[in-house]
>>> print(open('final_8.cif').read())   # mmCIF, C-alpha atoms and all ligand atoms
data_query
loop_
_atom_site.label_atom_id
_atom_site.label_comp_id
_atom_site.auth_asym_id
_atom_site.auth_seq_id
_atom_site.Cartn_x
_atom_site.Cartn_y
_atom_site.Cartn_z
CA MET A 65 -78.96 74.88 145.46
CA GLU A 66 -81.41 77.51 146.43
CA SER A 67 -82.42 77.31 150.09
CA TRP A 68 -85.64 78.73 151.55
CA SER A 69 -86.34 81.71 153.77
CA ALA A 70 -87.82 82.10 157.21
CA PRO A 71 -87.78 85.14 159.50
CA MET A 72 -84.69 85.26 161.71
CA PRO A 73 -85.53 84.88 165.39
CA ARG A 74 -85.69 88.05 167.46
CA ALA A 75 -83.14 88.21 170.27
CA LEU A 76 -84.51 87.80 173.79
CA ARG A 77 -83.38 89.42 177.01
CA GLY A 78 -80.23 87.87 178.46
CA LYS A 79 -78.66 84.79 176.99
CA GLY A 80 -79.59 81.12 176.68
CA LYS A 81 -77.72 78.36 178.46
CA PRO A 82 -75.07 76.12 176.87
CA LEU A 83 -76.74 73.22 175.12
CA ALA A 84 -76.13 69.63 176.27
CA LEU A 85 -77.17 66.84 173.89
CA PHE A 86 -77.09 63.09 173.72
CA ASP A 87 -74.25 61.84 171.53
CA THR A 88 -74.88 58.46 169.91
CA SER A 89 -71.18 57.70 169.70
CA THR A 90 -70.39 58.07 173.40
CA GLY A 91 -73.90 57.23 174.63
CA VAL A 92 -74.18 60.14 177.06
CA VAL A 93 -75.71 63.59 177.30
CA ARG A 94 -72.83 66.04 177.37
CA PRO A 95 -72.32 69.71 176.56
CA THR A 96 -71.99 70.76 172.97
CA ALA A 97 -69.14 73.15 173.36
CA PRO A 98 -68.90 75.17 170.22
CA GLY A 99 -66.78 78.26 169.95
CA PRO A 100 -68.23 81.49 168.59
CA HIS A 101 -69.14 79.55 165.46
CA ALA A 102 -71.23 76.45 165.97
CA THR A 103 -71.17 74.06 163.02
CA MET A 104 -73.89 71.59 162.11
CA TYR A 105 -74.38 69.27 159.15
CA VAL A 106 -77.82 67.70 158.86
CA CYS A 107 -78.49 65.02 156.28
CA GLY A 108 -81.16 66.21 153.89
CA ILE A 109 -83.89 64.44 151.99
CA THR A 110 -83.69 62.10 149.05
CA PRO A 111 -86.28 64.01 147.05
CA TYR A 112 -88.79 61.54 145.72
CA ASP A 113 -91.60 61.89 148.27
CA ALA A 114 -91.47 64.97 150.47
CA THR A 115 -92.24 66.10 153.12
CA HIS A 116 -93.73 63.49 155.39
CA ILE A 117 -94.21 63.92 159.11
CA GLY A 118 -91.09 61.82 159.84
CA HIS A 119 -88.97 64.22 157.81
CA ALA A 120 -90.65 67.19 159.45
CA ASN A 121 -89.95 65.74 162.90
CA THR A 122 -86.26 65.38 162.10
CA TYR A 123 -85.77 68.84 160.60
CA VAL A 124 -87.74 70.54 163.37
CA ALA A 125 -85.54 68.76 165.95
CA PHE A 126 -82.39 70.17 164.33
CA ASP A 127 -84.06 73.56 163.98
CA MET A 128 -84.46 73.52 167.76
CA ILE A 129 -80.70 73.01 168.12
CA ASN A 130 -80.11 75.90 165.74
CA ARG A 131 -82.43 78.14 167.80
CA VAL A 132 -80.99 77.17 171.17
CA TRP A 133 -77.44 77.74 169.96
CA ARG A 134 -78.35 81.16 168.53
CA ASP A 135 -80.08 82.12 171.75
CA ALA A 136 -76.90 81.14 173.62
CA GLY A 137 -74.97 83.61 171.47
CA HIS A 138 -73.33 81.33 168.90
CA GLN A 139 -73.14 82.11 165.24
CA VAL A 140 -74.44 78.97 163.64
CA ARG A 141 -73.05 77.60 160.41
CA TYR A 142 -75.55 75.09 159.16
CA VAL A 143 -75.24 72.90 156.06
CA GLN A 144 -77.75 70.47 154.63
CA ASN A 145 -77.60 68.33 151.52
CA VAL A 146 -80.15 67.04 149.03
CA THR A 147 -79.46 63.52 147.77
CA ASP A 148 -80.65 64.42 144.30
CA ILE A 149 -79.13 61.36 142.69
CA ASP A 150 -79.39 57.90 144.25
CA ASP A 151 -80.94 54.49 143.59
CA PRO A 152 -84.35 55.14 145.22
CA LEU A 153 -84.89 58.25 143.10
CA LEU A 154 -84.02 56.40 139.90
CA GLU A 155 -86.27 53.47 140.89
CA ARG A 156 -89.14 55.91 141.42
CA ALA A 157 -88.49 57.48 138.02
CA VAL A 158 -88.63 54.08 136.34
CA ALA A 159 -91.81 53.18 138.24
CA THR A 160 -93.67 56.37 137.28
CA GLY A 161 -92.12 57.02 133.88
CA GLU A 162 -91.04 60.50 134.95
CA ASN A 163 -87.64 62.06 134.50
CA TRP A 164 -85.55 61.66 137.69
CA ARG A 165 -84.43 65.31 137.55
CA GLU A 166 -88.00 66.55 137.38
CA ILE A 167 -89.01 64.44 140.37
CA ALA A 168 -86.02 65.70 142.36
CA ASP A 169 -86.67 69.36 141.50
CA ARG A 170 -90.38 69.14 142.24
CA GLU A 171 -89.99 67.36 145.57
CA THR A 172 -87.15 69.62 146.66
CA ALA A 173 -89.32 72.66 145.91
CA LEU A 174 -92.12 71.14 147.95
CA PHE A 175 -89.71 70.46 150.81
CA ARG A 176 -88.55 74.10 150.80
CA ASP A 177 -92.14 75.33 151.01
CA ASP A 178 -92.93 72.90 153.82
CA MET A 179 -89.83 73.95 155.78
CA ALA A 180 -90.73 77.63 155.39
CA GLY A 181 -94.29 76.86 156.54
CA LEU A 182 -92.98 75.01 159.60
CA ASN A 183 -90.78 78.02 160.42
CA VAL A 184 -87.57 75.97 160.09
CA LEU A 185 -84.57 78.27 159.74
CA PRO A 186 -82.81 77.65 156.43
CA PRO A 187 -79.32 76.20 156.24
CA ASP A 188 -76.58 78.60 155.16
CA HIS A 189 -75.66 76.18 152.39
CA TYR A 190 -78.15 73.81 150.79
CA ILE A 191 -76.12 71.53 148.57
CA GLY A 192 -77.15 68.93 146.02
CA ALA A 193 -75.33 65.66 145.46
CA VAL A 194 -75.16 66.35 141.73
CA GLU A 195 -73.45 69.70 142.16
CA SER A 196 -70.93 68.01 144.52
CA ILE A 197 -69.78 65.35 142.06
CA PRO A 198 -66.42 67.02 141.24
CA SER A 199 -65.65 67.28 144.94
CA VAL A 200 -66.69 63.69 145.63
CA ALA A 201 -64.47 62.50 142.78
CA ARG A 202 -61.51 64.40 144.28
CA LYS A 203 -62.11 62.84 147.69
CA VAL A 204 -62.35 59.36 146.19
CA MET A 205 -59.06 59.94 144.39
CA GLU A 206 -57.45 60.98 147.67
CA LEU A 207 -58.72 57.76 149.23
CA GLN A 208 -57.31 55.84 146.29
CA GLU A 209 -53.92 57.42 146.85
CA SER A 210 -53.93 56.35 150.50
CA GLY A 211 -54.86 52.76 149.57
CA ASP A 212 -58.36 52.99 151.02
CA VAL A 213 -60.25 52.21 147.83
CA TYR A 214 -60.40 49.16 145.53
CA ALA A 215 -62.41 48.21 142.46
CA VAL A 216 -65.06 45.54 142.09
CA ASP A 217 -65.70 45.30 138.38
CA ASP A 218 -65.63 49.03 137.61
CA ASP A 219 -67.19 50.23 140.88
CA LEU A 220 -65.07 51.60 143.70
CA TYR A 221 -65.33 50.52 147.35
CA PHE A 222 -63.98 52.00 150.59
CA ARG A 223 -62.03 49.58 152.81
CA VAL A 224 -63.73 50.00 156.18
CA ARG A 225 -61.09 47.85 157.88
CA ASN A 226 -58.45 50.47 157.09
CA ASP A 227 -60.07 52.66 159.74
CA GLU A 228 -59.40 51.29 163.20
CA ARG A 229 -62.28 53.38 164.56
CA PHE A 230 -64.85 51.88 162.22
CA GLY A 231 -67.89 50.76 164.22
CA SER A 232 -67.59 53.25 167.04
CA ILE A 233 -70.32 55.70 166.01
CA ALA A 234 -73.31 53.35 166.09
CA GLY A 235 -71.65 50.79 168.36
CA LEU A 236 -73.20 47.76 166.66
CA ASP A 237 -71.52 44.36 166.65
CA GLU A 238 -70.42 42.95 163.33
CA ASN A 239 -73.45 40.71 162.71
CA ASP A 240 -75.84 43.57 163.36
CA MET A 241 -73.82 45.85 161.11
CA VAL A 242 -74.08 43.37 158.25
CA ALA A 243 -77.83 42.92 158.74
CA VAL A 244 -78.55 46.65 158.99
CA PHE A 245 -76.24 47.41 156.07
CA ALA A 246 -78.30 45.08 153.85
CA GLU A 247 -81.55 46.77 154.96
CA ARG A 248 -80.32 50.31 154.40
CA GLY A 249 -78.91 50.41 150.91
CA GLY A 250 -75.70 48.40 151.44
CA ASP A 251 -74.56 45.32 149.52
CA PRO A 252 -72.81 43.00 152.01
CA GLY A 253 -73.21 39.99 149.70
CA ARG A 254 -71.68 41.40 146.54
CA GLN A 255 -69.15 39.03 144.98
CA GLY A 256 -65.63 40.38 144.78
CA LYS A 257 -65.76 42.62 147.84
CA GLU A 258 -62.92 42.23 150.32
CA HIS A 259 -65.18 42.75 153.33
CA PRO A 260 -69.00 42.62 153.44
CA LEU A 261 -69.17 46.07 155.05
CA ASP A 262 -66.99 47.88 152.53
CA CYS A 263 -69.13 50.62 151.03
CA LEU A 264 -69.54 51.96 147.54
CA VAL A 265 -67.89 55.32 146.92
CA TRP A 266 -68.18 55.48 143.15
CA GLN A 267 -70.50 53.59 140.84
CA ASN A 268 -69.54 53.13 137.23
CA ALA A 269 -72.19 54.20 134.70
CA ARG A 270 -75.00 51.70 134.11
CA PRO A 271 -77.03 51.57 130.90
CA GLU A 272 -80.06 53.88 131.02
CA GLU A 273 -78.84 55.62 134.18
CA PRO A 274 -77.50 59.16 134.52
CA ALA A 275 -73.73 59.44 134.85
CA TRP A 276 -71.13 62.19 134.97
CA ASP A 277 -67.62 62.45 133.56
CA THR A 278 -64.90 62.79 136.17
CA PRO A 279 -61.24 61.77 136.40
CA LEU A 280 -62.57 58.56 138.00
CA GLY A 281 -64.50 57.78 134.84
CA HIS A 282 -68.12 58.00 133.84
CA GLY A 283 -70.43 57.30 136.81
CA ARG A 284 -72.04 58.64 139.95
CA PRO A 285 -71.14 58.94 143.63
CA GLY A 286 -71.93 56.55 146.46
CA TRP A 287 -74.20 57.89 149.19
CA HIS A 288 -71.98 58.14 152.29
CA ILE A 289 -69.05 59.89 150.61
CA GLU A 290 -71.49 62.52 149.32
CA CYS A 291 -72.25 63.82 152.80
CA ALA A 292 -68.66 63.42 153.95
CA ALA A 293 -67.45 65.53 151.02
CA ILE A 294 -70.08 68.26 151.39
CA ALA A 295 -69.58 68.55 155.13
CA LEU A 296 -65.78 68.75 154.73
CA ASP A 297 -66.01 71.33 151.96
CA TYR A 298 -68.43 73.65 153.71
CA LEU A 299 -67.62 73.17 157.39
CA GLY A 300 -64.07 71.81 157.67
CA PRO A 301 -62.40 68.72 159.14
CA THR A 302 -64.19 68.77 162.51
CA ILE A 303 -67.75 69.86 163.17
CA ASP A 304 -69.89 70.20 166.27
CA ILE A 305 -72.87 68.13 165.14
CA GLN A 306 -73.72 65.71 162.39
CA GLY A 307 -77.37 64.80 162.53
CA GLY A 308 -80.28 62.97 161.06
CA GLY A 309 -82.90 60.42 162.02
CA SER A 310 -81.79 57.37 164.01
CA ASP A 311 -81.84 55.24 160.85
CA LEU A 312 -78.79 57.18 159.65
CA ALA A 313 -76.47 56.25 162.54
CA PHE A 314 -75.59 53.07 160.71
CA PRO A 315 -74.40 52.74 158.04
CA HIS A 316 -74.53 56.35 156.87
CA HIS A 317 -72.84 58.29 159.66
CA GLU A 318 -70.55 55.40 160.55
CA MET A 319 -69.22 55.19 156.99
CA GLY A 320 -68.92 58.96 156.67
CA ALA A 321 -66.93 59.21 159.91
CA SER A 322 -64.50 56.53 158.73
CA GLU A 323 -64.12 58.09 155.31
CA VAL A 324 -63.36 61.47 156.86
CA HIS A 325 -60.95 59.86 159.32
CA ARG A 326 -58.96 58.35 156.45
CA LEU A 327 -59.12 61.60 154.47
CA THR A 328 -58.07 64.02 157.19
CA GLY A 329 -56.77 62.01 160.13
CA GLU A 330 -59.36 63.75 162.32
CA TRP A 331 -61.44 61.77 164.82
CA PRO A 332 -64.25 62.13 165.55
CA PHE A 333 -65.42 64.12 162.57
CA ALA A 334 -68.46 65.32 164.51
CA ARG A 335 -68.09 66.01 168.22
CA HIS A 336 -71.72 65.00 168.60
CA TYR A 337 -73.64 62.52 166.48
CA VAL A 338 -77.24 63.46 167.08
CA HIS A 339 -80.18 61.28 166.04
CA SER A 340 -83.88 61.96 166.19
CA GLY A 341 -86.50 59.27 166.78
CA MET A 342 -88.64 57.66 164.12
CA VAL A 343 -92.28 58.57 163.60
CA ALA A 344 -94.61 55.68 162.82
CA TRP A 345 -98.03 55.52 161.17
CA GLN A 346 -100.26 52.53 160.49
CA GLY A 347 -98.07 50.24 162.56
CA HIS A 348 -94.72 50.97 160.92
CA LYS A 349 -92.08 53.64 160.69
CA MET A 350 -93.28 56.14 158.12
CA SER A 351 -91.22 55.41 155.04
CA LYS A 352 -91.25 56.21 151.38
CA SER A 353 -90.55 52.62 150.49
CA ARG A 354 -93.57 51.37 152.47
CA GLY A 355 -95.76 54.29 151.42
CA ASN A 356 -97.43 54.82 154.84
CA LEU A 357 -96.97 58.56 154.72
CA VAL A 358 -98.71 61.61 156.10
CA PHE A 359 -97.58 64.67 154.15
CA VAL A 360 -97.17 68.13 155.62
CA SER A 361 -98.43 69.72 152.40
CA GLN A 362 -101.53 67.54 152.39
CA LEU A 363 -102.43 68.51 155.97
CA VAL A 364 -101.87 72.17 155.15
CA ARG A 365 -104.01 71.90 152.02
CA GLU A 366 -106.76 70.46 154.18
CA GLY A 367 -106.62 73.54 156.38
CA THR A 368 -104.19 72.57 159.16
CA ASP A 369 -102.07 75.44 160.43
CA PRO A 370 -98.41 74.38 160.02
CA MET A 371 -97.79 75.79 163.49
CA ALA A 372 -100.16 73.14 164.86
CA ILE A 373 -98.10 70.48 163.06
CA ARG A 374 -94.93 71.89 164.59
CA LEU A 375 -96.54 71.88 168.04
CA ALA A 376 -97.64 68.26 167.54
CA LEU A 377 -94.00 67.35 166.82
CA LEU A 378 -92.55 69.33 169.73
CA ALA A 379 -94.88 67.49 172.13
CA HIS A 380 -92.50 64.50 171.78
CA HIS A 381 -88.92 64.44 172.96
CA TYR A 382 -86.75 64.38 169.84
CA ARG A 383 -85.09 61.08 170.71
CA THR A 384 -88.21 59.00 171.25
CA ASP A 385 -89.92 56.95 168.59
CA TRP A 386 -93.61 57.79 168.49
CA VAL A 387 -96.81 57.24 166.57
CA TRP A 388 -98.50 60.03 164.62
CA THR A 389 -102.20 60.31 165.50
CA PRO A 390 -104.99 62.67 164.42
CA HIS A 391 -105.71 62.98 168.14
CA GLY A 392 -102.20 64.36 168.76
CA LEU A 393 -102.73 66.91 166.00
CA GLU A 394 -106.08 67.92 167.48
CA GLY A 395 -104.44 68.48 170.87
CA ALA A 396 -101.83 70.66 169.18
CA ARG A 397 -104.53 72.71 167.44
CA GLU A 398 -106.23 73.40 170.76
CA ARG A 399 -102.94 74.29 172.37
CA LEU A 400 -102.18 76.72 169.54
CA GLN A 401 -105.57 78.37 170.01
CA ARG A 402 -105.01 78.80 173.75
CA TRP A 403 -101.55 80.22 173.27
CA THR A 404 -102.79 82.59 170.57
CA ALA A 405 -105.67 83.78 172.78
CA ALA A 406 -103.29 84.42 175.68
CA SER A 407 -100.88 86.34 173.44
CA GLN A 408 -103.71 88.75 172.54
CA LEU A 409 -104.76 89.60 176.12
CA PRO A 410 -104.37 93.22 177.23
CA TYR A 411 -102.32 92.18 180.28
CA GLY A 412 -100.35 89.14 181.36
CA PRO A 413 -98.11 87.76 184.10
CA PRO A 414 -94.34 88.38 183.97
CA VAL A 415 -92.48 86.52 181.22
CA ASP A 416 -88.97 86.42 182.68
CA PRO A 417 -89.60 83.22 184.68
CA LEU A 418 -91.03 81.65 181.53
CA ILE A 419 -87.94 82.58 179.50
CA ASP A 420 -85.67 81.12 182.20
CA ARG A 421 -87.63 77.88 182.40
CA VAL A 422 -87.85 77.35 178.64
CA ARG A 423 -84.12 78.04 178.29
CA GLU A 424 -83.34 75.65 181.11
CA VAL A 425 -85.28 72.66 179.77
CA LEU A 426 -84.22 73.15 176.16
CA ALA A 427 -80.55 73.32 177.13
CA ASP A 428 -81.00 69.94 178.84
CA ASP A 429 -81.07 67.70 175.73
CA LEU A 430 -83.93 69.66 174.13
CA ARG A 431 -86.73 68.76 176.49
CA THR A 432 -89.42 70.29 174.30
CA PRO A 433 -92.38 68.62 176.10
CA SER A 434 -91.31 70.39 179.29
CA ALA A 435 -90.95 73.65 177.38
CA LEU A 436 -94.54 73.29 176.13
CA ASP A 437 -95.66 72.59 179.71
CA ALA A 438 -93.98 75.79 180.87
CA VAL A 439 -95.77 77.84 178.21
CA ASP A 440 -99.05 76.07 179.03
CA SER A 441 -98.79 77.07 182.64
CA TRP A 442 -98.02 80.72 181.76
CA VAL A 443 -101.00 80.68 179.37
CA HIS A 444 -103.23 79.12 182.00
CA THR A 445 -102.35 81.84 184.49
CA ALA A 446 -102.85 84.55 181.89
CA LEU A 447 -106.24 83.23 180.83
CA THR A 448 -107.58 82.50 184.31
CA ARG A 449 -105.99 85.13 186.53
CA GLY A 450 -104.73 87.73 184.06
CA GLY A 451 -101.79 89.86 185.07
CA GLN A 452 -100.53 93.40 185.34
CA ASP A 453 -98.03 93.68 182.55
CA PRO A 454 -99.39 95.10 179.27
CA ALA A 455 -96.22 94.10 177.40
CA SER A 456 -96.04 90.50 178.52
CA PRO A 457 -98.60 88.85 176.18
CA GLY A 458 -96.66 90.17 173.17
CA GLU A 459 -93.36 89.18 174.79
CA MET A 460 -94.64 85.68 175.36
CA ALA A 461 -95.39 85.45 171.62
CA THR A 462 -91.82 86.51 170.88
CA VAL A 463 -90.44 83.92 173.31
CA VAL A 464 -92.31 81.03 171.71
CA ASP A 465 -91.40 82.25 168.23
CA THR A 466 -87.69 82.66 169.00
CA LEU A 467 -87.15 79.56 171.12
CA LEU A 468 -89.76 77.14 169.81
CA GLY A 469 -90.35 78.43 166.29
CA ILE A 470 -94.08 78.79 166.97
CA ARG A 471 -95.57 81.92 165.37
CA LEU A 472 -98.76 83.08 167.05
CA THR A 473 -100.91 85.20 164.81
N1 LIG B 501 -80.77 61.71 151.80
C1 LIG B 501 -80.56 60.83 152.90
C2 LIG B 501 -79.66 61.44 153.95
S1 LIG B 501 -78.13 62.01 153.27
C3 LIG B 501 -81.87 60.41 153.54
O1 LIG B 501 -81.83 59.63 154.47
N2 LIG B 501 -82.97 60.93 153.01
S2 LIG B 501 -84.45 60.56 153.48
O2 LIG B 501 -85.31 61.38 152.67
O3 LIG B 501 -84.65 59.16 153.43
O4 LIG B 501 -84.59 60.99 154.96
C4 LIG B 501 -84.38 62.34 155.33
C5 LIG B 501 -84.30 62.45 156.85
O5 LIG B 501 -85.56 62.11 157.42
C6 LIG B 501 -83.28 61.49 157.48
O6 LIG B 501 -82.61 62.15 158.54
C7 LIG B 501 -84.13 60.38 158.02
O7 LIG B 501 -83.53 59.76 159.13
C8 LIG B 501 -85.39 61.12 158.42
N3 LIG B 501 -86.57 60.25 158.43
C9 LIG B 501 -87.00 59.44 157.45
N4 LIG B 501 -88.11 58.76 157.84
C10 LIG B 501 -88.39 59.17 159.10
C11 LIG B 501 -89.40 58.85 160.06
N5 LIG B 501 -90.36 57.98 159.79
N6 LIG B 501 -89.37 59.46 161.26
C12 LIG B 501 -88.39 60.36 161.53
N7 LIG B 501 -87.41 60.71 160.69
C13 LIG B 501 -87.40 60.12 159.47
ZN ZN B 502 -76.33 62.25 154.62
#
>>> encode(input="final_8.cif", output="structure tokens")
Amino acid sequence: MESWSAPMPRALRGKGKPLALFDTSTGVVRPTAPGPHATMYVCGITPYDATHIGHANTYVAFDMINRVWRDAGHQVRYVQNVTDIDDPLLERAVATGENWREIADRETALFRDDMAGLNVLPPDHYIGAVESIPSVARKVMELQESGDVYAVDDDLYFRVRNDERFGSIAGLDENDMVAVFAERGGDPGRQGKEHPLDCLVWQNARPEEPAWDTPLGHGRPGWHIECAAIALDYLGPTIDIQGGGSDLAFPHHEMGASEVHRLTGEWPFARHYVHSGMVAWQGHKMSKSRGNLVFVSQLVREGTDPMAIRLALLAHHYRTDWVWTPHGLEGARERLQRWTAASQLPYGPPVDPLIDRVREVLADDLRTPSALDAVDSWVHTALTRGGQDPASPGEMATVVDTLLGIRLT
């Protein structure tokens, strides 16, 4: 699929520090230790209602990882998918009478524009589920050959119990896994399954639903195997980070890790499983199914600078759950104005201490609120006491663009 474009960050003096991040699987903050190439797979949208502030929060969090890695000298290989065929998209199409493909194309296009507006660096490969169907079918056949797949009616299920590591990404006990599985697209109660947690890898064609011809028959892929297949194809058997919002730890990333383990023998598939917090609005997590959404495009249409939206997101640590408020956005607007004013001064204080401080706090599990504090204090000094360096206001603008993705114009 076509990706989007955003200006590549300008290199800063010196080099950023190695990035340490919290890993859901081991439960600790530890160094990401990529080689020259750092590899990251971030789960993309299911395109039927894009882009709400929760989505934006997640993709900006992973954009920060991308930026910090680049600043530390890594070449980043970044892959993201689009779940352009899945139950929720088809349900939306039935509800509105639209064609599912048109909804997916329109919402994906909107998402691209929103990402470009938020100055999110594009993935190197932006891959749709539909275009991955031949690869998914091959992976399912491999799992069949190793005895990891069985049929219920004409649908195919992955035997989670064949993977002795199953359960170790999200760390939930079995009862919780069953409950969460039912809430997040799973079918623990389906008759004929060997184990309630076994997950669908291939769904046989249903009347009135789109389906594709493959050696497995006429049907469409299950959700988890889609991301496992795309990540394996584009990044290889072990990657540095797999990421998404915290609602993806289970079942999505758990199932994907087990599927990859059975396919390749590699464990863990991702050295870090990284999860961003959930944004709430009107008392609940913002979600397409509930409909309590604030859209990036709507705010921008109403005159909000996307950079103020990005600043409102960065004011929260990526792992916390938080509530979107108009007040928070207003604070971000004011901050953006102050930063912009300071970047246009004729003179400013030195920027090297600012660069060091921002690099230091971002490398420590992406402490963006502390990074904003550091810029605030530089800006405060510049606006109240000035400085002697004619280059530093412009350099400060470059620092916040490169490291925080905030363009000051
Ligand atoms: N297509 C799948 C992933 S393969 C999917 O989960 N799509 S999604 O459109 O439902 O969500 C896209 C990303 O946004 C996921 O990482 C999800 O965790 C994140 N997300 C969804 N709602 C919120 C929210 N309220 N706050 C923060 N992140 C959210
Ligand atoms: Zn995914």
>>> residues_near_point(input="final_8.cif", point="(-81.1, 74.5, 178.7)", cutoff="9 Å", atoms="all atoms listed in the file", output="JSON, numbers by chain")
{"A": [80, 81, 82, 83, 84, 132, 420, 421, 422, 423, 424, 425, 426, 427, 428, 429, 430, 431]}
>>> atom_distance(input="final_8.cif", atom1="atom CA of A:Ala372", atom2="atom CA of A:Arg176")
18.3 Å
>>> closest_atom_pairs(input="final_8.cif", of="chain A", to="ligand ZN 502 (chain B)", cutoff="12 Å", atoms="all atoms listed in the file", output="CSV")
residue,atom,partner,partner_atom,distance
A:Tyr105,CA,B:ZN502,ZN,8.6
A:Val106,CA,B:ZN502,ZN,7.1
A:Cys107,CA,B:ZN502,ZN,3.9
A:Gly108,CA,B:ZN502,ZN,6.3
A:Ile109,CA,B:ZN502,ZN,8.3
A:Thr110,CA,B:ZN502,ZN,9.2
A:Val143,CA,B:ZN502,ZN,10.8
A:Gln144,CA,B:ZN502,ZN,8.3
A:Asn145,CA,B:ZN502,ZN,6.9
A:Val146,CA,B:ZN502,ZN,8.3
A:Thr147,CA,B:ZN502,ZN,7.6
A:Asp148,CA,B:ZN502,ZN,11.4
A:Asp150,CA,B:ZN502,ZN,11.7
A:Ile191,CA,B:ZN502,ZN,11.1
A:Gly192,CA,B:ZN502,ZN,10.9
A:Ala193,CA,B:ZN502,ZN,9.8
A:Gly286,CA,B:ZN502,ZN,10.9
A:Trp287,CA,B:ZN502,ZN,7.3
A:His288,CA,B:ZN502,ZN,6.4
A:Ile289,CA,B:ZN502,ZN,8.6
A:Glu290,CA,B:ZN502,ZN,7.2
A:Cys291,CA,B:ZN502,ZN,4.7
A:Ala292,CA,B:ZN502,ZN,7.8
A:Ala293,CA,B:ZN502,ZN,10.1
A:Ile294,CA,B:ZN502,ZN,9.3
A:Ala295,CA,B:ZN502,ZN,9.2
A:Gln306,CA,B:ZN502,ZN,8.9
A:Gly307,CA,B:ZN502,ZN,8.4
A:Gly308,CA,B:ZN502,ZN,7.6
A:Gly309,CA,B:ZN502,ZN,10.1
A:Ser310,CA,B:ZN502,ZN,11.9
A:Asp311,CA,B:ZN502,ZN,10.9
A:Leu312,CA,B:ZN502,ZN,7.6
A:Ala313,CA,B:ZN502,ZN,9.9
A:Phe314,CA,B:ZN502,ZN,11.0
A:Pro315,CA,B:ZN502,ZN,10.3
A:His316,CA,B:ZN502,ZN,6.6
A:His317,CA,B:ZN502,ZN,7.3
A:Glu318,CA,B:ZN502,ZN,10.7
A:Met319,CA,B:ZN502,ZN,10.3
A:Gly320,CA,B:ZN502,ZN,8.4
A:Ala321,CA,B:ZN502,ZN,11.2
>>> axis_aligned_box(input="final_8.cif", around="ligand LIG 501 (chain B)", padding_each_side="8 Å", output="lines of an AutoDock Vina configuration file")
center_x = -84.2
center_y = 60.2
center_z = 156.7
size_x = 28.2
size_y = 20.5
size_z = 25.7
>>> residues_around(input="final_8.cif", residues="A:Arg399", least_positions_apart="6", cutoff="12 Å", atoms="all atoms listed in the file", output="VMD selection string")
chain A and resid 371 to 376 378 to 379 392 to 393 405 to 406 436 to 437 439 to 441 443 to 444 470 472
>>> write_last_selection(input="final_8.cif", atoms="C-alpha atoms", output="CSV table (one decimal), in the coordinates of the input")
chain,number,residue,atom,x,y,z
A,371,MET,CA,-97.8,75.8,163.5
A,372,ALA,CA,-100.2,73.1,164.9
A,373,ILE,CA,-98.1,70.5,163.1
A,374,ARG,CA,-94.9,71.9,164.6
A,375,LEU,CA,-96.5,71.9,168.0
A,376,ALA,CA,-97.6,68.3,167.5
A,378,LEU,CA,-92.6,69.3,169.7
A,379,ALA,CA,-94.9,67.5,172.1
A,392,GLY,CA,-102.2,64.4,168.8
A,393,LEU,CA,-102.7,66.9,166.0
A,405,ALA,CA,-105.7,83.8,172.8
A,406,ALA,CA,-103.3,84.4,175.7
A,436,LEU,CA,-94.5,73.3,176.1
A,437,ASP,CA,-95.7,72.6,179.7
A,439,VAL,CA,-95.8,77.8,178.2
A,440,ASP,CA,-99.0,76.1,179.0
A,441,SER,CA,-98.8,77.1,182.6
A,443,VAL,CA,-101.0,80.7,179.4
A,444,HIS,CA,-103.2,79.1,182.0
A,470,ILE,CA,-94.1,78.8,167.0
A,472,LEU,CA,-98.8,83.1,167.0
>>> closest_residue(input="final_8.cif", among="A:Lys352, A:Arg225, A:His119, A:Arg326", to="A:Glu209", atoms="only C-alpha atoms")
A:Arg326
>>> closest_residue(input="final_8.cif", among="A:Ser456, A:Asn268, A:Asn183, A:Ser353", to="ligand LIG 501 (chain B)", atoms="all atoms listed in the file")
A:Ser353
>>> closest_residue(input="final_8.cif", among="A:Leu236, A:Ala168, A:Leu85, A:Ile117", to="ligand LIG 501 (chain B)", atoms="all atoms listed in the file")
A:Ile117
>>> atom_distance(input="final_8.cif", atom1="atom CA of A:Arg284", atom2="atom CA of A:Pro260")
21.2 Å
>>> closest_residue(input="final_8.cif", among="A:Gln408, A:Thr448, A:Thr122, A:Thr389", to="ligand LIG 501 (chain B)", atoms="only C-alpha atoms and all ligand atoms")
A:Thr122
>>> closest_residue(input="final_8.cif", among="A:Ala201, A:Arg248, A:Arg402, A:His189", to="A:Pro152", atoms="all atoms listed in the file")
A:Arg248
>>> closest_residue(input="final_8.cif", among="A:Asn239, A:Gln362, A:Asn356, A:Thr328", to="A:Lys203", atoms="all atoms listed in the file")
A:Thr328
>>> residues_near_point(input="final_8.cif", point="(-69.2, 77.1, 168.4)", cutoff="12 Å", atoms="only C-alpha atoms", output="list in words")
Pro82, Leu83, Pro95, Thr96, Ala97, Pro98, Gly99, Pro100, His101, Ala102, Thr103, Met104, Asn130, Trp133, Arg134, Ala136, Gly137, His138, Gln139, Val140, Arg141, Tyr142, Leu299, Thr302, Ile303, Asp304, Ile305 and Arg335 of chain A
>>> atom_distance(input="final_8.cif", atom1="atom CA of A:Pro271", atom2="atom CA of A:Asp218")
13.5 Å
